[in-house]
$ cat start.cif   # mmCIF, C-alpha atoms
data_protein
loop_
_atom_site.label_atom_id
_atom_site.label_comp_id
_atom_site.auth_asym_id
_atom_site.auth_seq_id
_atom_site.Cartn_x
_atom_site.Cartn_y
_atom_site.Cartn_z
CA MET A 984 -9.91 0.53 -15.37
CA ALA A 985 -7.24 3.13 -15.51
CA PHE A 986 -7.83 6.44 -13.92
CA PRO A 987 -6.59 9.04 -16.31
CA GLN A 988 -7.35 12.57 -15.40
CA PRO A 989 -5.25 15.69 -15.70
CA ASN A 990 -4.10 16.89 -12.33
CA ALA A 991 -5.66 20.32 -12.21
CA GLN A 992 -8.95 18.96 -13.35
CA ARG A 993 -8.74 16.15 -10.88
CA GLU A 994 -8.05 18.57 -8.10
CA LEU A 995 -11.08 20.61 -8.99
CA THR A 996 -13.26 17.54 -9.29
CA ASN A 997 -11.95 16.22 -6.02
CA ARG A 998 -12.72 19.46 -4.27
CA LYS A 999 -16.23 19.49 -5.63
CA ILE A 1000 -16.75 15.91 -4.61
CA LEU A 1001 -15.36 16.53 -1.18
CA GLU A 1002 -17.78 19.40 -0.67
CA GLU A 1003 -20.58 17.21 -1.86
CA LEU A 1004 -19.47 14.45 0.46
CA GLN A 1005 -19.35 16.81 3.37
CA LEU A 1006 -22.98 17.72 2.71
CA LYS A 1007 -23.99 14.12 2.33
CA LYS A 1008 -22.17 13.19 5.47
CA GLN A 1009 -23.99 15.87 7.41
CA MET A 1010 -27.28 14.68 6.04
CA LEU A 1011 -26.52 11.11 6.92
CA LEU A 1012 -25.35 12.07 10.35
CA LYS A 1013 -28.61 13.90 10.93
CA GLN A 1014 -30.45 10.78 10.00
CA GLY A 1015 -28.25 8.92 12.42
CA ALA A 1016 -27.50 6.43 9.72
CA VAL A 1017 -23.75 6.36 9.92
CA ALA A 1018 -21.25 6.62 12.68
CA PRO A 1019 -18.98 9.60 12.21
CA LEU A 1020 -15.66 8.91 10.57
CA THR A 1021 -13.60 10.82 13.01
CA ALA A 1022 -10.03 10.27 13.93
CA THR A 1023 -9.09 10.06 17.52
CA THR A 1024 -5.76 10.52 19.10
CA ILE A 1025 -4.99 8.59 22.17
CA SER A 1026 -2.73 10.34 24.54
CA LEU A 1027 -0.09 7.97 25.71
CA THR A 1028 0.03 9.44 29.16
CA GLN A 1029 -3.69 9.12 29.67
CA PRO A 1030 -4.76 5.95 27.97
CA SER A 1031 -8.45 6.13 27.30
CA PRO A 1032 -10.62 3.07 27.51
CA VAL A 1033 -11.64 1.48 24.27
CA SER A 1034 -15.29 2.27 24.82
CA GLN A 1035 -14.73 6.02 24.71
CA LEU A 1036 -13.39 6.03 21.21
CA PRO A 1037 -15.73 6.98 18.45
CA MET A 1038 -16.28 4.02 16.25
CA CYS A 1039 -15.94 4.11 12.55
CA SER A 1040 -16.98 0.57 12.20
CA ILE A 1041 -19.66 -0.39 9.81
CA PRO A 1042 -22.93 -1.64 11.23
CA PRO A 1043 -23.72 -5.25 10.47
CA LEU A 1044 -25.45 -5.96 7.23
CA SER A 1045 -28.74 -7.10 8.69
CA ALA A 1046 -29.25 -3.81 10.49
CA THR A 1047 -29.48 -1.78 7.35
CA ALA A 1048 -32.18 -2.75 5.00
CA GLY A 1049 -30.82 -1.86 1.62
CA PHE A 1050 -28.96 1.16 2.85
CA PRO A 1051 -25.38 1.41 1.70
CA GLN A 1052 -23.59 1.92 4.98
CA LEU A 1053 -20.59 3.63 3.60
CA PRO A 1054 -21.86 6.61 1.72
CA GLU A 1055 -20.13 7.49 -1.47
CA ALA A 1056 -17.43 8.85 0.74
CA ASN A 1057 -14.82 6.50 -0.60
CA ILE A 1058 -15.22 7.52 -4.15
CA VAL A 1059 -12.68 10.19 -4.78
CA ASN A 1060 -13.16 11.09 -8.37
CA THR A 1061 -15.64 10.84 -11.13
CA SER A 1062 -14.07 7.88 -12.87
CA HIS A 1063 -14.33 5.90 -9.64
CA ARG A 1064 -17.92 6.98 -9.30
CA ALA A 1065 -18.64 5.92 -12.86
CA ALA A 1066 -16.95 2.59 -12.32
CA LEU A 1067 -18.95 2.04 -9.18
CA GLN A 1068 -22.20 2.95 -10.87
CA HIS A 1069 -21.29 0.55 -13.61
CA ALA A 1070 -20.51 -2.19 -11.11
CA ASN A 1071 -23.77 -1.44 -9.41
CA ALA A 1072 -25.78 -1.62 -12.58
CA THR A 1073 -24.19 -4.80 -13.83
CA SER A 1074 -24.01 -6.78 -10.62
CA CYS A 1075 -26.65 -7.96 -8.22
CA GLY A 1076 -25.65 -5.42 -5.60
CA TYR A 1077 -22.74 -5.01 -3.26
CA PHE A 1078 -23.59 -7.84 -0.97
CA VAL A 1079 -22.62 -11.34 -1.82
CA SER A 1080 -23.64 -12.72 1.51
CA GLN A 1081 -23.36 -16.39 0.67
CA ASP A 1082 -19.61 -15.99 0.28
CA SER A 1083 -18.36 -15.36 3.76
CA SER A 1084 -15.16 -13.59 2.77
CA PHE A 1085 -17.07 -11.18 0.61
CA GLY A 1086 -20.24 -11.12 2.64
CA ASN A 1087 -19.43 -8.04 4.57
CA GLN A 1088 -17.80 -6.20 1.73
CA ILE A 1089 -19.71 -3.26 0.50
CA LEU A 1090 -17.74 -0.46 -0.93
CA PRO A 1091 -15.88 0.50 -2.97
CA GLY A 1092 -16.98 -1.96 -5.58
CA HIS A 1093 -13.43 -2.00 -6.89
CA LEU A 1094 -11.87 -3.44 -3.80
CA GLY A 1095 -14.70 -5.90 -3.32
CA SER A 1096 -14.10 -7.32 -6.76
CA LEU A 1097 -10.44 -8.16 -6.16
CA SER A 1098 -9.43 -11.78 -5.76
CA GLY A 1099 -8.21 -12.93 -2.37
CA PHE A 1100 -5.86 -15.62 -1.13
CA SER A 1101 -6.52 -18.82 -3.03
CA LYS A 1102 -5.07 -21.05 -0.32
CA PRO A 1103 -4.24 -19.07 2.81
CA LYS A 1104 -1.10 -20.25 4.59
CA ILE A 1105 -1.03 -20.39 8.34
CA GLU A 1106 2.76 -19.99 8.49
CA TYR A 1107 2.33 -16.48 7.18
CA GLU A 1108 -0.91 -16.03 9.09
CA GLN A 1109 -2.65 -14.89 5.96
CA TYR A 1110 -5.94 -13.19 6.55
CA GLU A 1111 -7.53 -11.10 3.92
CA THR A 1112 -8.03 -7.45 4.59
CA PRO A 1113 -11.77 -7.03 4.08
CA SER A 1114 -12.43 -4.42 1.43
CA HIS A 1115 -14.55 -2.28 3.71
CA ILE A 1116 -11.78 -2.18 6.32
CA ALA A 1117 -9.28 -1.23 3.64
CA ALA A 1118 -11.65 1.42 2.31
CA VAL A 1119 -12.36 3.05 5.67
CA ALA A 1120 -8.74 2.82 6.82
CA LEU A 1121 -7.23 4.28 3.66
CA TYR A 1122 -9.89 6.92 3.33
CA THR A 1123 -8.99 8.06 6.84
CA VAL A 1124 -5.27 8.01 5.99
CA GLN A 1125 -5.84 10.22 2.96
CA THR A 1126 -8.46 12.64 4.29
CA GLN A 1127 -6.98 13.15 7.75
CA TYR A 1128 -3.28 13.01 6.91
CA GLU A 1129 -3.02 13.39 3.13
CA ALA A 1130 -0.60 10.50 3.23
CA LEU A 1131 -1.51 8.75 -0.03
CA GLU A 1132 -2.14 11.17 -2.87
CA ASN A 1133 1.07 11.81 -4.83
CA LYS A 1134 3.06 9.78 -2.32
CA LEU A 1135 5.55 6.97 -2.68
CA VAL A 1136 3.87 4.18 -0.77
CA LEU A 1137 5.12 0.82 0.49
CA ASP A 1138 2.57 -1.92 1.16
CA ALA A 1139 4.41 -4.33 3.44
CA GLY A 1140 3.07 -7.87 3.50
CA CYS A 1141 0.67 -6.94 0.74
CA GLY A 1142 -0.94 -10.33 0.10
CA PRO A 1143 -3.36 -10.06 -2.82
CA GLY A 1144 -2.97 -6.29 -2.62
CA MET A 1145 -6.11 -4.93 -1.00
CA LEU A 1146 -4.31 -1.96 0.56
CA SER A 1147 -2.25 -1.31 -2.56
CA PHE A 1148 -5.30 -1.05 -4.77
CA GLY A 1149 -7.03 1.17 -2.24
CA ALA A 1150 -3.98 3.44 -2.14
CA SER A 1151 -3.92 3.54 -5.92
CA LEU A 1152 -7.59 4.53 -6.04
CA LEU A 1153 -6.85 7.31 -3.59
CA GLY A 1154 -4.21 8.79 -5.85
CA ALA A 1155 -0.87 7.39 -4.66
CA GLY A 1156 2.01 8.36 -6.96
CA ALA A 1157 3.60 4.91 -6.96
CA ILE A 1158 3.16 1.88 -4.75
CA LEU A 1159 5.64 -0.87 -4.05
CA ALA A 1160 3.89 -4.01 -2.83
CA VAL A 1161 6.06 -6.65 -1.17
CA ASP A 1162 5.25 -10.08 0.16
CA ILE A 1163 7.10 -13.30 0.84
CA ASP A 1164 4.46 -15.58 -0.64
CA GLU A 1165 4.51 -16.36 -4.33
CA GLU A 1166 0.90 -17.53 -4.54
CA ALA A 1167 -0.44 -14.37 -2.94
CA LEU A 1168 1.66 -12.35 -5.39
CA ASN A 1169 0.32 -14.33 -8.32
CA VAL A 1170 -3.19 -13.33 -7.26
CA LEU A 1171 -1.99 -9.75 -6.92
CA GLY A 1172 -0.53 -9.97 -10.43
CA GLU A 1173 -3.88 -11.16 -11.76
CA ASN A 1174 -5.64 -8.38 -9.89
CA ILE A 1175 -3.29 -5.85 -11.49
CA GLU A 1176 -3.97 -7.30 -14.90
CA ASP A 1177 -7.73 -7.43 -14.39
CA THR A 1178 -8.03 -3.88 -13.12
CA GLY A 1179 -5.43 -2.25 -15.36
CA VAL A 1180 -4.03 -0.36 -12.38
CA ASP A 1181 -0.65 0.89 -13.53
CA ASN A 1182 1.19 2.26 -10.52
CA ILE A 1183 1.65 -0.82 -8.34
CA ASP A 1184 5.03 -2.53 -8.62
CA VAL A 1185 5.62 -5.85 -6.93
CA VAL A 1186 8.67 -7.51 -5.36
CA GLN A 1187 8.78 -10.91 -3.73
CA CYS A 1188 10.97 -10.63 -0.65
CA ASP A 1189 11.13 -11.12 3.06
CA PHE A 1190 10.11 -7.70 4.32
CA LEU A 1191 11.66 -8.43 7.69
CA SER A 1192 15.10 -9.23 6.31
CA HIS A 1193 17.38 -6.24 6.57
CA ASP A 1194 19.01 -4.33 3.79
CA MET A 1195 16.59 -5.04 0.98
CA PHE A 1196 16.44 -1.32 0.23
CA ARG A 1197 19.21 1.11 -0.58
CA CYS A 1198 18.53 3.40 2.35
CA GLU A 1199 16.24 3.90 5.27
CA ASN A 1200 13.30 6.31 5.34
CA TYR A 1201 12.85 5.94 1.61
CA PHE A 1202 9.08 5.76 1.38
CA ASP A 1203 6.72 8.60 2.21
CA THR A 1204 4.09 6.31 3.61
CA VAL A 1205 4.13 2.68 4.69
CA ILE A 1206 0.80 0.90 4.91
CA MET A 1207 0.35 -2.59 6.27
CA ASN A 1208 -2.00 -5.13 7.67
CA PRO A 1209 0.66 -7.26 9.34
CA PRO A 1210 0.12 -10.76 10.68
CA PHE A 1211 -1.60 -10.41 14.05
CA GLY A 1212 1.17 -12.48 15.62
CA THR A 1213 -1.19 -14.88 17.31
CA LYS A 1214 -0.19 -18.29 15.95
CA ASN A 1215 3.34 -19.47 16.77
CA ASN A 1216 4.72 -16.21 15.49
CA ALA A 1217 4.28 -13.94 18.49
CA GLY A 1218 5.87 -10.54 18.02
CA VAL A 1219 5.90 -10.61 14.23
CA ASP A 1220 3.43 -7.69 14.19
CA MET A 1221 5.92 -5.58 16.16
CA LYS A 1222 8.74 -6.55 13.80
CA PHE A 1223 6.63 -5.36 10.88
CA LEU A 1224 5.94 -2.07 12.64
CA LYS A 1225 9.59 -1.49 13.45
CA MET A 1226 10.73 -2.25 9.92
CA GLY A 1227 7.96 -0.06 8.54
CA LEU A 1228 9.21 2.81 10.68
CA ALA A 1229 12.77 2.31 9.48
CA LEU A 1230 11.65 2.54 5.86
CA SER A 1231 9.26 5.48 6.08
CA SER A 1232 10.29 9.10 6.01
CA ASP A 1233 6.92 10.11 7.36
CA SER A 1234 4.35 7.71 8.76
CA VAL A 1235 3.37 4.08 9.07
CA TYR A 1236 -0.32 3.15 9.03
CA SER A 1237 -0.98 -0.28 10.38
CA LEU A 1238 -3.91 -2.45 11.44
CA HIS A 1239 -3.69 -4.28 14.77
CA LYS A 1240 -6.01 -6.15 17.06
CA SER A 1241 -7.36 -3.74 19.66
CA THR A 1242 -6.36 -6.21 22.36
CA THR A 1243 -2.72 -5.42 21.59
CA ARG A 1244 -3.20 -1.68 22.08
CA SER A 1245 -1.40 -1.31 25.39
CA HIS A 1246 1.47 -3.47 24.13
CA ILE A 1247 1.90 -1.26 21.07
CA GLN A 1248 1.73 1.85 23.26
CA LYS A 1249 4.57 0.41 25.30
CA LYS A 1250 6.63 -0.35 22.20
CA VAL A 1251 5.98 3.09 20.75
CA LYS A 1252 7.45 4.61 23.91
CA GLU A 1253 10.36 2.19 23.88
CA TRP A 1254 11.23 3.07 20.28
CA GLY A 1255 10.97 6.81 20.96
CA VAL A 1256 8.44 7.42 18.21
CA GLU A 1257 4.98 8.92 18.19
CA GLY A 1258 1.94 6.79 17.78
CA SER A 1259 -1.81 6.96 18.08
CA VAL A 1260 -4.90 5.02 17.15
CA ILE A 1261 -6.63 7.04 14.45
CA ALA A 1262 -9.61 4.80 13.85
CA GLU A 1263 -11.23 1.84 15.44
CA LEU A 1264 -12.71 -0.74 13.14
CA ARG A 1265 -14.47 -4.01 13.24
CA TYR A 1266 -12.94 -6.83 11.30
CA ASN A 1267 -15.47 -9.44 10.39
CA LEU A 1268 -13.05 -12.29 9.92
CA PRO A 1269 -14.48 -15.19 7.98
CA SER A 1270 -13.28 -18.58 9.16
CA THR A 1271 -10.09 -18.96 7.18
CA TYR A 1272 -8.42 -21.84 8.95
CA LYS A 1273 -9.57 -25.14 10.38
CA PHE A 1274 -8.99 -24.07 13.96
CA HIS A 1275 -11.57 -21.33 13.59
CA LYS A 1276 -14.69 -22.76 15.17
CA GLN A 1277 -17.14 -20.00 14.43
CA GLN A 1278 -18.04 -19.20 10.90
CA THR A 1279 -17.25 -15.54 11.25
CA LYS A 1280 -15.81 -13.66 14.12
CA ASP A 1281 -15.94 -9.99 14.89
CA ILE A 1282 -12.57 -8.66 15.89
CA ALA A 1283 -11.96 -5.12 17.09
CA VAL A 1284 -9.09 -3.65 15.11
CA ASP A 1285 -7.15 -0.42 15.57
CA LEU A 1286 -5.74 1.64 12.76
CA TRP A 1287 -2.45 2.95 14.15
CA ARG A 1288 -0.46 5.87 12.87
CA LEU A 1289 3.19 5.77 13.88
CA HIS A 1290 5.70 8.39 12.95
CA HIS A 1291 9.15 9.61 13.83
CA SER A 1292 9.33 12.11 16.64
CA HIS A 1293 10.90 14.96 14.69
CA LEU A 1294 7.78 15.35 12.57
CA MET B 656 9.57 -4.41 -12.26
CA LYS B 657 9.80 -0.71 -12.89
CA LEU B 658 13.10 1.14 -12.77
CA ILE B 659 11.90 3.21 -9.80
CA THR B 660 11.93 -0.08 -7.89
CA HIS B 661 15.28 -1.18 -9.33
CA ASN B 662 16.73 2.09 -8.06
CA MET B 663 16.04 1.14 -4.44
CA LEU B 664 16.74 -2.60 -4.41
CA THR B 665 19.99 -4.07 -3.11
CA SER B 666 21.42 -7.52 -2.51
CA LYS B 667 23.46 -6.53 0.52
CA CYS B 668 21.62 -9.04 2.68
CA LEU B 669 23.65 -11.74 0.92
CA LYS B 670 26.44 -13.21 3.01
CA GLY B 671 29.75 -11.55 2.13
CA VAL B 672 28.19 -8.79 0.04
CA VAL B 673 29.05 -5.24 1.13
CA THR B 674 26.93 -2.87 -0.92
CA GLY B 675 25.08 -5.09 -3.39
CA TYR B 676 24.17 -2.05 -5.41
CA PRO B 677 23.25 -1.40 -8.14
CA LEU B 678 21.91 -4.71 -9.34
CA ALA B 679 22.62 -5.41 -13.00
CA ILE B 680 19.63 -6.07 -15.22
CA ASN B 681 19.37 -8.89 -17.71
CA ALA B 682 16.10 -8.36 -19.48
CA THR B 683 14.60 -10.83 -21.92
CA ASN B 684 11.20 -9.16 -22.10
CA ILE B 685 10.50 -5.47 -21.56
CA LYS B 686 7.12 -3.84 -21.86
CA VAL B 687 6.19 -0.20 -21.92
CA THR B 688 2.76 0.72 -20.61
CA GLU B 689 1.31 4.18 -20.52
CA VAL B 690 0.99 5.55 -17.00
CA ASP B 691 -0.70 8.85 -16.09
CA PHE B 692 1.91 11.60 -15.98
CA ASN B 693 2.06 13.20 -12.58
CA PRO B 694 4.74 15.94 -12.70
CA GLU B 695 4.33 16.78 -9.03
CA PHE B 696 5.10 13.24 -7.98
CA ILE B 697 8.01 12.86 -10.40
CA SER B 698 9.58 16.15 -9.21
CA ARG B 699 9.32 15.05 -5.64
CA ILE B 700 10.75 11.60 -6.26
CA ILE B 701 13.80 12.62 -8.31
CA PRO B 702 15.87 13.92 -5.37
CA LYS B 703 15.39 10.54 -3.66
CA LEU B 704 16.84 8.63 -6.58
CA ASP B 705 20.37 7.64 -7.43
CA TRP B 706 20.15 9.30 -10.83
CA GLU B 707 23.35 7.82 -12.20
CA VAL B 708 22.11 4.34 -11.37
CA LEU B 709 18.79 5.10 -13.03
CA TRP B 710 20.48 6.36 -16.16
CA ARG B 711 22.79 3.35 -16.40
CA ALA B 712 19.91 0.95 -15.80
CA ALA B 713 17.82 2.64 -18.49
CA ASP B 714 20.81 2.63 -20.83
CA SER B 715 21.53 -1.06 -20.21
CA ILE B 716 18.06 -1.99 -21.41
CA GLY B 717 18.02 0.46 -24.31
CA HIS B 718 15.74 3.11 -22.85
CA SER B 719 18.07 6.03 -22.14
CA ASP B 720 17.11 7.93 -25.29
CA GLY B 721 17.06 11.65 -24.56
CA LEU B 722 17.52 11.08 -20.86
CA PRO B 723 20.22 13.40 -19.48
CA GLN B 724 23.04 11.75 -17.55
CA THR B 725 22.91 14.36 -14.85
CA ILE B 726 20.08 16.34 -13.35
CA GLU B 727 20.12 20.03 -14.07
CA PRO B 728 19.17 22.58 -11.44
CA LYS B 729 15.52 23.64 -11.64
CA PHE B 730 14.69 20.32 -13.30
CA GLU B 731 11.19 20.57 -11.88
CA GLU B 732 10.42 23.40 -14.30
CA ASN B 733 11.46 21.38 -17.34
CA SER B 734 8.37 19.44 -18.27
CA ASP B 735 10.08 17.74 -21.19
CA PHE B 736 12.65 16.31 -18.80
CA LEU B 737 9.99 15.31 -16.27
CA LYS B 738 8.11 13.41 -18.96
CA LYS B 739 11.24 11.50 -19.91
CA ALA B 740 11.97 10.73 -16.27
CA HIS B 741 8.35 9.65 -15.83
CA LYS B 742 8.61 7.25 -18.72
CA VAL B 743 11.84 5.65 -17.53
CA LEU B 744 10.73 5.43 -13.92
CA LEU B 745 7.16 4.24 -14.28
CA GLU B 746 6.34 3.14 -17.81
CA VAL B 747 9.24 0.86 -18.72
CA GLU B 748 8.86 -2.50 -17.02
CA ILE B 749 11.04 -5.58 -17.03
CA GLU B 750 8.67 -8.50 -17.44
CA GLU B 751 11.14 -11.37 -17.68
CA GLY B 752 14.84 -11.59 -16.93
CA ASN B 753 17.21 -11.44 -13.98
CA LEU B 754 18.67 -9.03 -11.51
CA VAL B 755 22.33 -9.78 -10.82
CA CYS B 756 24.23 -9.01 -7.63
CA PRO B 757 27.25 -6.91 -8.64
CA GLU B 758 29.51 -8.62 -6.11
CA SER B 759 28.48 -12.26 -5.90
CA GLY B 760 26.86 -12.73 -9.28
CA ARG B 761 23.80 -14.25 -7.57
CA ARG B 762 20.83 -14.02 -9.93
CA PHE B 763 17.36 -13.00 -8.85
CA PRO B 764 14.83 -14.13 -11.42
CA ILE B 765 12.15 -11.74 -12.66
CA SER B 766 9.03 -13.56 -13.75
CA LYS B 767 5.72 -11.97 -14.82
CA GLY B 768 7.21 -8.63 -13.80
CA ILE B 769 7.95 -9.72 -10.23
CA PRO B 770 11.57 -10.06 -9.07
CA ASN B 771 12.12 -12.82 -6.54
CA MET B 772 14.56 -11.50 -3.94
CA LEU B 773 14.08 -14.37 -1.48
CA LEU B 774 17.25 -15.93 -0.12
CA THR B 775 17.89 -19.30 1.43
CA GLU B 776 18.93 -19.31 5.07
CA ALA B 777 22.47 -20.28 4.10
CA GLU B 778 22.77 -17.17 1.91
CA VAL B 779 21.82 -14.65 4.57
CA GLN B 780 24.44 -12.61 6.43
#
$ encode --input "start.cif" --output "structure tokens"
Amino acid sequence: MAFPQPNAQRELTNRKILEELQLKKQMLLKQGAVAPLTATTISLTQPSPVSQLPMCSIPPLSATAGFPQLPEANIVNTSHRAALQHANATSCGYFVSQDSSFGNQILPGHLGSLSGFSKPKIEYEQYETPSHIAAVALYTVQTQYEALENKLVLDAGCGPGMLSFGASLLGAGAILAVDIDEEALNVLGENIEDTGVDNIDVVQCDFLSHDMFRCENYFDTVIMNPPFGTKNNAGVDMKFLKMGLALSSDSVYSLHKSTTRSHIQKKVKEWGVEGSVIAELRYNLPSTYKFHKQQTKDIAVDLWRLHHSHL
Amino acid sequence: MKLITHNMLTSKCLKGVVTGYPLAINATNIKVTEVDFNPEFISRIIPKLDWEVLWRAADSIGHSDGLPQTIEPKFEENSDFLKKAHKVLLEVEIEEGNLVCPESGRRFPISKGIPNMLLTEAEVQ
């Protein structure tokens, strides 16, 4: 699946689709079927309680009999739509509920069909980014901030590449995906081969080690779903954020547990940068490691946007 | 590994290495895949690049044909040039080989298109 389309034509198609989506969204909103996908800025001086934020989480599967929760809002051009329709026609539907890691993955079909970690490693705190989280997060990043299309994007701690593929689908110019773990990168390599996506380049390196790149602020956009920093690696999420900021000329978009919100707000102030939560999501984390007692666990996750103050 | 990536990678995290740039390329397998041409993106990315390093890298693996050694003013209006830059930056990929630190000679293997830049603790500054 390559996505060839001349630019002008793509632009026109995109515009048409966006208009169509707007209409659909309004219709769906009227029906009360979907929560609005609105971005919210949290003022640092007046922290607002979590409950006041509009949610763009996806309702649980059981609540929606056969209704695709995410409208076709994540499909940005006709080739994606065609691919999705094809996936739809040739598969048994979006939901593969017996497989916990895929159970809550709905749309886009592309992301849901990617392979995940074969053997997750606790030392890197590897959790897969669920495809619906990636889809909603990246869709927000593109539609609210136009930070993916035609941009040079870095996916830091990419794992099997969920965010990279999402960025590619949303029109990124080129994506560099980096991770420390060879096995995760092998899966990413297979995913690249299987999908035929041609603008993701991969480097195995320690993202947190300094001086891997020629200069700072090289990438337009840095996207990441860093380790949460909860298992013997406290603070690693903040190190990811800081390094992401150093490497981006514009913004860093990063997923963090909502429970760390005030801590990140503090760090944002300390670093003298701007930061806000632009979407609040629900991460249905399948039990990945032995210490997870419940089979799946709902975790509230914030999508943060951090950027340098001069912007 | 594409040359756009080569253009930004360094080995200066190695102990005793000052600039670690540019890394030399030893390629044993190169592939060229067609990538959608996006002139807007290419025009925007060119000022970020070290063009001389890109040209030398392309030349060292036999892909500098028709690629100018310097960037002319108003390059963004020259679609022929942008196409050549596009090809060298995004379509030429080193599948197998090594990247070599210009100062220490340390080799970073490239396997299945992925360079391994990991260092042992003893190698880090």
$ atom_distance --input "start.cif" --atom1 "CA of Gly1212 (chain A)" --atom2 "CA of Glu778 (chain B)"
26.0 Å
$ resolve_selection --input "start.cif" --expression "the PyMOL selection byres ((chain B) within 10 of (chain A))" --output "count of residues only"
48
$ closest_residue --input "start.cif" --among "B:Lys729, B:Lys738, B:Lys686, B:Arg711" --to "Glu751 (chain B)" --atoms "only C-alpha atoms"
B:Lys686
$ residues_around --input "start.cif" --residues "Thr1112 (chain A)" --least-positions-apart "5" --cutoff "10 Å" --atoms "all atoms listed in the file" --output "ChimeraX atom specification"
/A:1084,1099,1117-1118,1141-1146,1207-1209,1238,1266-1268
$ closest_residue --input "start.cif" --among "B:Arg762, B:Ala682, B:Val743, B:Val673" --to "His718 (chain B)" --atoms "all atoms listed in the file"
B:Val743
$ resolve_selection --input "start.cif" --expression "the PyMOL selection byres ((chain A and resi 1235) around 8)" --output "NGL selection string"
:A and (1204-1207 or 1224 or 1227-1228 or 1231 or 1233-1234 or 1236-1237 or 1287-1290)
$ residues_around --input "start.cif" --residues "Trp706 (chain B)" --least-positions-apart "6" --cutoff "8 Å" --atoms "all atoms listed in the file" --output "PyMOL selection string"
chain B and resi 724-726
$ atom_distance --input "start.cif" --atom1 "CA of Gly752 (chain B)" --atom2 "CA of Leu678 (chain B)"
12.4 Å
$ closest_residue --input "start.cif" --among "B:Ile701, B:Val747, B:Leu754, B:Ala713" --to "Glu731 (chain B)" --atoms "all atoms listed in the file"
B:Ile701
$ closest_residue --input "start.cif" --among "B:Ser766, B:Asn753, B:Ser698, B:Ser715" --to "Pro728 (chain B)" --atoms "all atoms listed in the file"
B:Ser698
$ atom_distance --input "start.cif" --atom1 "CA of Gly671 (chain B)" --atom2 "CA of Ser759 (chain B)"
8.2 Å
$ closest_residue --input "start.cif" --among "B:Lys739, B:Ile749, B:Lys670, B:Ser719" --to "Ala777 (chain B)" --atoms "all atoms listed in the file"
B:Lys670
